[in-house]
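S.K.: Hey, dropping final.csv in here, CSV, C-alpha atoms:
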```csv
chain,number,residue,atom,x,y,z
A,1,MET,CA,-103.7,36.2,155.4
A,2,ARG,CA,-100.4,37.4,156.9
A,3,GLU,CA,-100.1,41.1,157.5
A,4,VAL,CA,-97.4,43.2,159.2
A,5,ILE,CA,-98.3,46.2,161.3
A,6,PHE,CA,-95.4,48.6,161.6
A,7,ASP,CA,-94.4,52.0,162.8
A,8,THR,CA,-91.2,54.2,162.5
A,9,GLU,CA,-89.5,56.9,164.5
A,10,THR,CA,-87.4,59.5,162.6
A,11,THR,CA,-85.2,62.6,163.0
A,12,GLY,CA,-87.9,64.8,161.4
A,13,LEU,CA,-90.8,64.9,159.0
A,14,ASP,CA,-89.3,64.8,155.5
A,15,PRO,CA,-86.7,62.3,154.2
A,16,LYS,CA,-86.2,64.5,151.1
A,17,THR,CA,-84.5,67.1,153.3
A,18,GLY,CA,-82.2,64.7,155.0
A,19,ASP,CA,-84.3,63.3,157.8
A,20,ARG,CA,-83.6,59.6,158.6
A,21,MET,CA,-85.4,56.6,160.1
A,22,VAL,CA,-84.0,55.7,163.5
A,23,GLU,CA,-86.4,53.0,164.7
A,24,ILE,CA,-88.8,50.5,163.3
A,25,GLY,CA,-91.2,48.2,165.0
A,26,CYS,CA,-93.2,45.4,163.3
A,27,VAL,CA,-96.0,43.1,164.6
A,28,GLU,CA,-97.1,40.0,162.6
A,29,MET,CA,-100.8,39.2,162.3
A,30,VAL,CA,-102.4,36.2,160.6
A,31,GLY,CA,-106.1,36.4,160.0
A,32,ARG,CA,-106.2,39.6,162.1
A,33,VAL,CA,-104.8,37.7,165.1
A,34,GLU,CA,-101.3,38.6,166.5
A,35,THR,CA,-99.0,35.6,166.3
A,36,GLY,CA,-96.5,36.8,168.9
A,37,ARG,CA,-93.8,37.4,166.3
A,38,SER,CA,-92.3,40.9,166.0
A,39,PHE,CA,-89.3,42.7,164.7
A,40,HIS,CA,-87.7,45.8,166.3
A,41,ALA,CA,-84.5,47.7,165.5
A,42,TYR,CA,-82.8,51.0,166.1
A,43,TYR,CA,-80.5,52.6,163.5
A,44,ASN,CA,-77.7,55.1,163.7
A,45,PRO,CA,-78.8,58.0,161.4
A,46,GLN,CA,-75.2,59.4,161.2
A,47,ARG,CA,-76.6,62.9,161.9
A,48,ASP,CA,-77.9,65.1,164.7
A,49,MET,CA,-81.2,64.5,166.5
A,50,PRO,CA,-83.3,67.7,166.5
A,51,ALA,CA,-84.7,68.6,170.0
A,52,ALA,CA,-88.3,68.5,168.7
A,53,ALA,CA,-87.9,65.0,167.4
A,54,GLU,CA,-86.2,63.8,170.6
A,55,ALA,CA,-89.0,65.2,172.7
A,56,VAL,CA,-91.4,63.0,170.8
A,57,HIS,CA,-89.6,59.6,171.0
A,58,GLY,CA,-86.8,60.2,173.5
A,59,LEU,CA,-84.0,58.8,171.2
A,60,SER,CA,-80.9,60.9,171.5
A,61,ARG,CA,-77.9,61.1,169.2
A,62,GLU,CA,-75.7,59.6,171.9
A,63,PHE,CA,-78.0,56.5,172.3
A,64,LEU,CA,-78.3,55.9,168.5
A,65,SER,CA,-74.6,56.4,167.8
A,66,GLY,CA,-74.0,52.9,169.1
A,67,LYS,CA,-76.6,51.3,167.0
A,68,PRO,CA,-76.0,49.6,163.6
A,69,LEU,CA,-76.5,51.4,160.2
A,70,PHE,CA,-79.6,50.5,158.3
A,71,ALA,CA,-77.3,49.4,155.4
A,72,ASP,CA,-75.8,46.7,157.7
A,73,THR,CA,-79.0,45.0,158.9
A,74,PHE,CA,-81.7,45.8,156.3
A,75,ASP,CA,-81.9,42.2,155.1
A,76,GLU,CA,-83.2,41.1,158.5
A,77,LEU,CA,-86.1,43.6,158.2
A,78,LEU,CA,-86.9,42.7,154.6
A,79,GLU,CA,-87.0,39.0,155.6
A,80,PHE,CA,-89.5,39.7,158.3
A,81,LEU,CA,-91.7,41.9,156.1
A,82,SER,CA,-91.5,39.4,153.2
A,83,ASP,CA,-94.3,40.0,150.7
A,84,ALA,CA,-97.1,40.7,153.3
A,85,PRO,CA,-99.4,43.8,153.1
A,86,LEU,CA,-98.0,46.5,155.4
A,87,VAL,CA,-100.3,48.4,157.8
A,88,ALA,CA,-99.3,51.7,159.3
A,89,HIS,CA,-101.0,54.8,160.7
A,90,ASN,CA,-100.6,57.6,158.2
A,91,ALA,CA,-98.8,55.0,156.2
A,92,GLY,CA,-97.5,57.4,153.5
A,93,PHE,CA,-95.2,58.9,156.1
A,94,ASP,CA,-93.7,55.5,157.2
A,95,PHE,CA,-93.5,54.2,153.7
A,96,GLY,CA,-91.7,57.3,152.6
A,97,PHE,CA,-89.0,56.9,155.2
A,98,LEU,CA,-88.6,53.2,154.7
A,99,ASN,CA,-88.3,53.5,151.0
A,100,SER,CA,-85.9,56.4,151.4
A,101,GLU,CA,-83.6,54.2,153.5
A,102,LEU,CA,-83.8,51.5,150.9
A,103,ASN,CA,-83.1,53.9,148.1
A,104,ARG,CA,-80.0,55.2,149.9
A,105,ILE,CA,-78.4,51.7,149.7
A,106,GLY,CA,-79.5,50.9,146.2
A,107,GLN,CA,-82.4,48.5,147.2
A,108,GLU,CA,-85.7,48.3,145.4
A,109,PRO,CA,-88.5,50.3,147.2
A,110,ILE,CA,-91.5,48.5,148.7
A,111,SER,CA,-94.5,48.8,146.4
A,112,MET,CA,-97.1,51.2,147.5
A,113,ASP,CA,-99.7,48.5,146.5
A,114,ARG,CA,-98.8,46.8,149.7
A,115,MET,CA,-99.8,49.8,151.8
A,116,ILE,CA,-102.8,49.8,154.2
A,117,ASP,CA,-103.4,53.1,155.9
A,118,THR,CA,-105.4,53.0,159.1
A,119,VAL,CA,-105.9,56.8,159.0
A,120,ALA,CA,-107.8,56.4,155.7
A,121,ILE,CA,-109.8,53.5,157.1
A,122,ALA,CA,-110.7,55.5,160.3
A,123,ARG,CA,-111.6,58.6,158.2
A,124,LYS,CA,-114.2,56.6,156.3
A,125,LYS,CA,-115.5,54.9,159.4
A,126,HIS,CA,-115.5,57.9,161.7
A,127,PRO,CA,-115.8,61.1,159.5
A,128,GLY,CA,-115.1,64.3,161.4
A,129,ALA,CA,-113.6,62.5,164.4
A,130,LYS,CA,-110.1,62.7,165.8
A,131,LEU,CA,-107.9,60.2,163.9
A,132,SER,CA,-104.7,60.1,166.0
A,133,LEU,CA,-103.6,56.8,167.4
A,134,ASP,CA,-104.2,58.1,170.9
A,135,ALA,CA,-107.8,59.1,169.9
A,136,LEU,CA,-108.5,55.7,168.3
A,137,CYS,CA,-107.1,53.9,171.3
A,138,THR,CA,-109.5,55.8,173.5
A,139,ARG,CA,-112.5,55.2,171.2
A,140,TYR,CA,-111.9,51.4,171.1
A,141,GLY,CA,-110.8,51.0,174.7
A,142,VAL,CA,-107.2,50.0,173.9
A,143,ASP,CA,-105.0,50.5,177.0
A,144,ARG,CA,-102.2,53.0,176.2
A,145,SER,CA,-101.4,53.9,179.8
A,146,HIS,CA,-97.8,52.7,179.4
A,147,ARG,CA,-97.2,55.0,176.4
A,148,VAL,CA,-95.2,57.8,177.9
A,149,LYS,CA,-93.4,58.6,174.6
A,150,HIS,CA,-93.7,57.4,171.1
A,151,GLY,CA,-91.9,54.1,170.4
A,152,ALA,CA,-92.1,52.2,167.1
A,153,LEU,CA,-92.7,48.7,168.5
A,154,LEU,CA,-95.2,49.9,171.2
A,155,ASP,CA,-97.1,52.0,168.7
A,156,ALA,CA,-97.2,49.0,166.3
A,157,GLU,CA,-98.6,46.8,169.1
A,158,LEU,CA,-101.3,49.4,169.9
A,159,LEU,CA,-102.1,49.9,166.2
A,160,ALA,CA,-102.5,46.2,165.7
A,161,GLN,CA,-105.4,46.3,168.3
A,162,VAL,CA,-106.9,49.4,166.7
A,163,TYR,CA,-106.6,47.8,163.3
A,164,VAL,CA,-108.7,44.8,164.4
A,165,GLU,CA,-111.4,47.1,165.7
A,166,LEU,CA,-111.4,49.2,162.6
A,167,THR,CA,-111.8,46.2,160.4
A,168,GLY,CA,-114.6,44.5,162.2
A,169,GLY,CA,-113.8,44.0,165.9
A,170,ARG,CA,-112.3,41.3,168.0
A,171,GLN,CA,-115.0,38.8,166.9
A,172,ILE,CA,-113.0,38.3,163.7
A,173,GLY,CA,-110.7,35.8,165.3
A,174,LEU,CA,-113.3,33.9,167.4
A,175,GLU,CA,-113.9,31.2,164.8
A,176,LEU,CA,-110.2,30.3,164.9
A,177,ALA,CA,-110.9,28.8,168.4
A,178,THR,CA,-113.0,25.9,166.9
A,179,ASP,CA,-112.4,23.2,164.4
A,180,ALA,CA,-116.0,23.1,163.4
A,181,ALA,CA,-116.9,23.6,159.8
A,182,PRO,CA,-118.6,27.0,158.9
A,183,SER,CA,-121.9,25.4,158.4
A,184,GLU,CA,-121.7,23.6,161.7
A,185,ARG,CA,-120.8,26.9,163.5
A,186,SER,CA,-123.8,28.6,161.9
A,187,VAL,CA,-126.2,25.8,163.0
A,188,ASP,CA,-124.8,26.0,166.6
A,189,ALA,CA,-125.2,29.8,166.6
A,190,VAL,CA,-128.8,29.5,165.6
A,191,GLU,CA,-129.6,26.8,168.1
A,192,GLN,CA,-128.0,28.9,170.9
A,193,ARG,CA,-129.9,31.9,169.9
A,194,ASN,CA,-133.2,30.0,169.8
A,195,SER,CA,-132.5,28.5,173.2
A,196,ALA,CA,-131.8,31.9,174.7
A,197,GLU,CA,-135.0,33.3,173.3
A,198,THR,CA,-137.2,30.5,174.7
A,199,THR,CA,-135.7,30.9,178.2
A,200,ARG,CA,-135.9,34.7,178.2
A,201,PRO,CA,-138.6,36.0,180.6
A,202,ARG,CA,-141.6,37.5,178.7
A,203,ARG,CA,-142.3,41.2,179.3
A,204,GLU,CA,-145.5,43.1,178.9
A,205,ALA,CA,-145.7,45.5,176.0
A,206,ARG,CA,-144.7,49.0,177.1
A,207,PRO,CA,-147.1,52.0,176.4
A,208,HIS,CA,-145.9,53.9,173.4
A,209,GLN,CA,-148.6,56.6,173.0
A,210,ALA,CA,-148.2,60.1,174.5
A,211,SER,CA,-150.5,60.9,177.4
A,212,PRO,CA,-153.0,63.8,177.1
A,213,ALA,CA,-150.8,65.9,179.4
A,214,GLU,CA,-147.7,65.2,177.2
A,215,ILE,CA,-149.7,66.2,174.1
A,216,ALA,CA,-150.8,69.4,175.8
A,217,ARG,CA,-147.3,70.4,176.7
A,218,HIS,CA,-146.1,69.6,173.2
A,219,SER,CA,-148.8,71.8,171.7
A,220,GLU,CA,-147.9,74.6,174.1
A,221,PHE,CA,-144.2,74.3,173.1
A,222,ILE,CA,-145.0,74.4,169.4
A,223,ALA,CA,-147.2,77.5,169.8
A,224,GLY,CA,-144.3,79.3,171.4
A,225,ILE,CA,-142.0,79.0,168.4
A,226,LYS,CA,-141.8,82.2,166.5
A,227,ASN,CA,-141.6,82.4,162.7
A,228,ALA,CA,-142.0,78.6,162.4
A,229,ILE,CA,-141.1,77.2,159.0
A,230,TRP,CA,-144.4,75.3,158.7
A,231,LEU,CA,-146.4,78.5,159.1
A,232,ARG,CA,-144.8,80.3,156.3
A,233,GLN,CA,-146.7,80.7,153.0
```
Translate this structure into structure tokens?

M.R.:
Amino acid sequence: MREVIFDTETTGLDPKTGDRMVEIGCVEMVGRVETGRSFHAYYNPQRDMPAAAEAVHGLSREFLSGKPLFADTFDELLEFLSDAPLVAHNAGFDFGFLNSELNRIGQEPISMDRMIDTVAIARKKHPGAKLSLDALCTRYGVDRSHRVKHGALLDAELLAQVYVELTGGRQIGLELATDAAPSERSVDAVEQRNSAETTRPRREARPHQASPAEIARHSEFIAGIKNAIWLRQ
């Protein structure tokens, strides 16, 4: 299945108050494997760039003033997106800005049914943990040392790696490297496992009972607990 992982950079947090999308980066995946195809564009927002936003992504008003308007090149973006599911981190934010830009030029919004939010996936898989892209990169060992500032294409590339880990790990794409039928791959896997088990050196069973000294120390520790629940009537 074809999926597109994407990220946006903006002038602020809310398109309803006039904030605009100034950059988008997209990475194509098929079967959770990157194909090498990507899309990247900057857009002139025709407005100022707040200092707080520029500090995040480093895109100044001067730099963006020479870039095309979204209205002039949106068809290239839509062609790349096609009808694929769209994966983003905190996807409601990115969908909101993308659809706001489409609405400005009288184009149909992208259906929210196509949205896959990696924050929602991560929240279910790692409840209570930090869910930022940086935190997930650290958790899954994704190298982000070259990420000095936010950048739409760079963040989409990082998210593509995180998305694979969130949805099963890198082993998902291993079967693409062989032309063997599923049943043949299963038989090969069993034979390899059985072969490994027969050649593995045999170890003596480890003792698993507590020694008398350990039992005595445990009893002493238990006796020192005040107001123990198990002593209450």

S.K.: Which residues come within 12 Å of range 119-131 of chain A, counting all atoms listed in the file, excluding same-chain residues fewer than 4 positions away, as a PyMOL selection string?

M.R.: chain A and resi 87-93+115+135-140+159+162-168

S.K.: Neighbouring residues of Asn44 in chain A were defined as those with any atom within 12 Å, considering all atoms listed in the file; residues of the same chain fewer than 5 positions away were excluded. Please report them as a CSV table (one decimal) with C-alpha atoms, in the coordinates of the input.

M.R.:
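This is the output file result03.csv:
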```
chain,number,residue,atom,x,y,z
A,9,GLU,CA,-89.5,56.9,164.5
A,10,THR,CA,-87.4,59.5,162.6
A,11,THR,CA,-85.2,62.6,163.0
A,20,ARG,CA,-83.6,59.6,158.6
A,21,MET,CA,-85.4,56.6,160.1
A,22,VAL,CA,-84.0,55.7,163.5
A,23,GLU,CA,-86.4,53.0,164.7
A,49,MET,CA,-81.2,64.5,166.5
A,59,LEU,CA,-84.0,58.8,171.2
A,60,SER,CA,-80.9,60.9,171.5
A,61,ARG,CA,-77.9,61.1,169.2
A,62,GLU,CA,-75.7,59.6,171.9
A,63,PHE,CA,-78.0,56.5,172.3
A,64,LEU,CA,-78.3,55.9,168.5
A,65,SER,CA,-74.6,56.4,167.8
A,66,GLY,CA,-74.0,52.9,169.1
A,67,LYS,CA,-76.6,51.3,167.0
A,68,PRO,CA,-76.0,49.6,163.6
A,69,LEU,CA,-76.5,51.4,160.2
A,70,PHE,CA,-79.6,50.5,158.3
A,71,ALA,CA,-77.3,49.4,155.4
A,72,ASP,CA,-75.8,46.7,157.7
A,73,THR,CA,-79.0,45.0,158.9
A,101,GLU,CA,-83.6,54.2,153.5
```

S.K.: Given only C-alpha atoms as the basis, pick out the residue of A:Leu154, A:Met29, A:Leu133, A:Ile215 nearest to Arg2 in chain A.

M.R.: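 Among the listed residues, the smallest separation from Arg2 in chain A belongs to A:Met29.
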
S.K.: Tell me, in Å to one decimal, how far CA of His150 in chain A is from CA of His57 in chain A.

M.R.: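 Computed distance, CA of His150 in chain A to CA of His57 in chain A, equals 4.7 Å.
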
S.K.: Could you give me the centre and size, in Å to one decimal, of an axis-aligned box around all listed atoms of range 97-106 of chain A with 3 Å added on every side, as AutoDock Vina command-line options?

M.R.:
```
--center_x -83.7 --center_y 53.9 --center_z 150.7 --size_x 16.6 --size_y 12.0 --size_z 15.0
```

S.K.: Distance CA of Ile116 in chain A-CA of Leu86 in chain A, one decimal place?

M.R.: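 These two atoms are separated by 5.9 Å.
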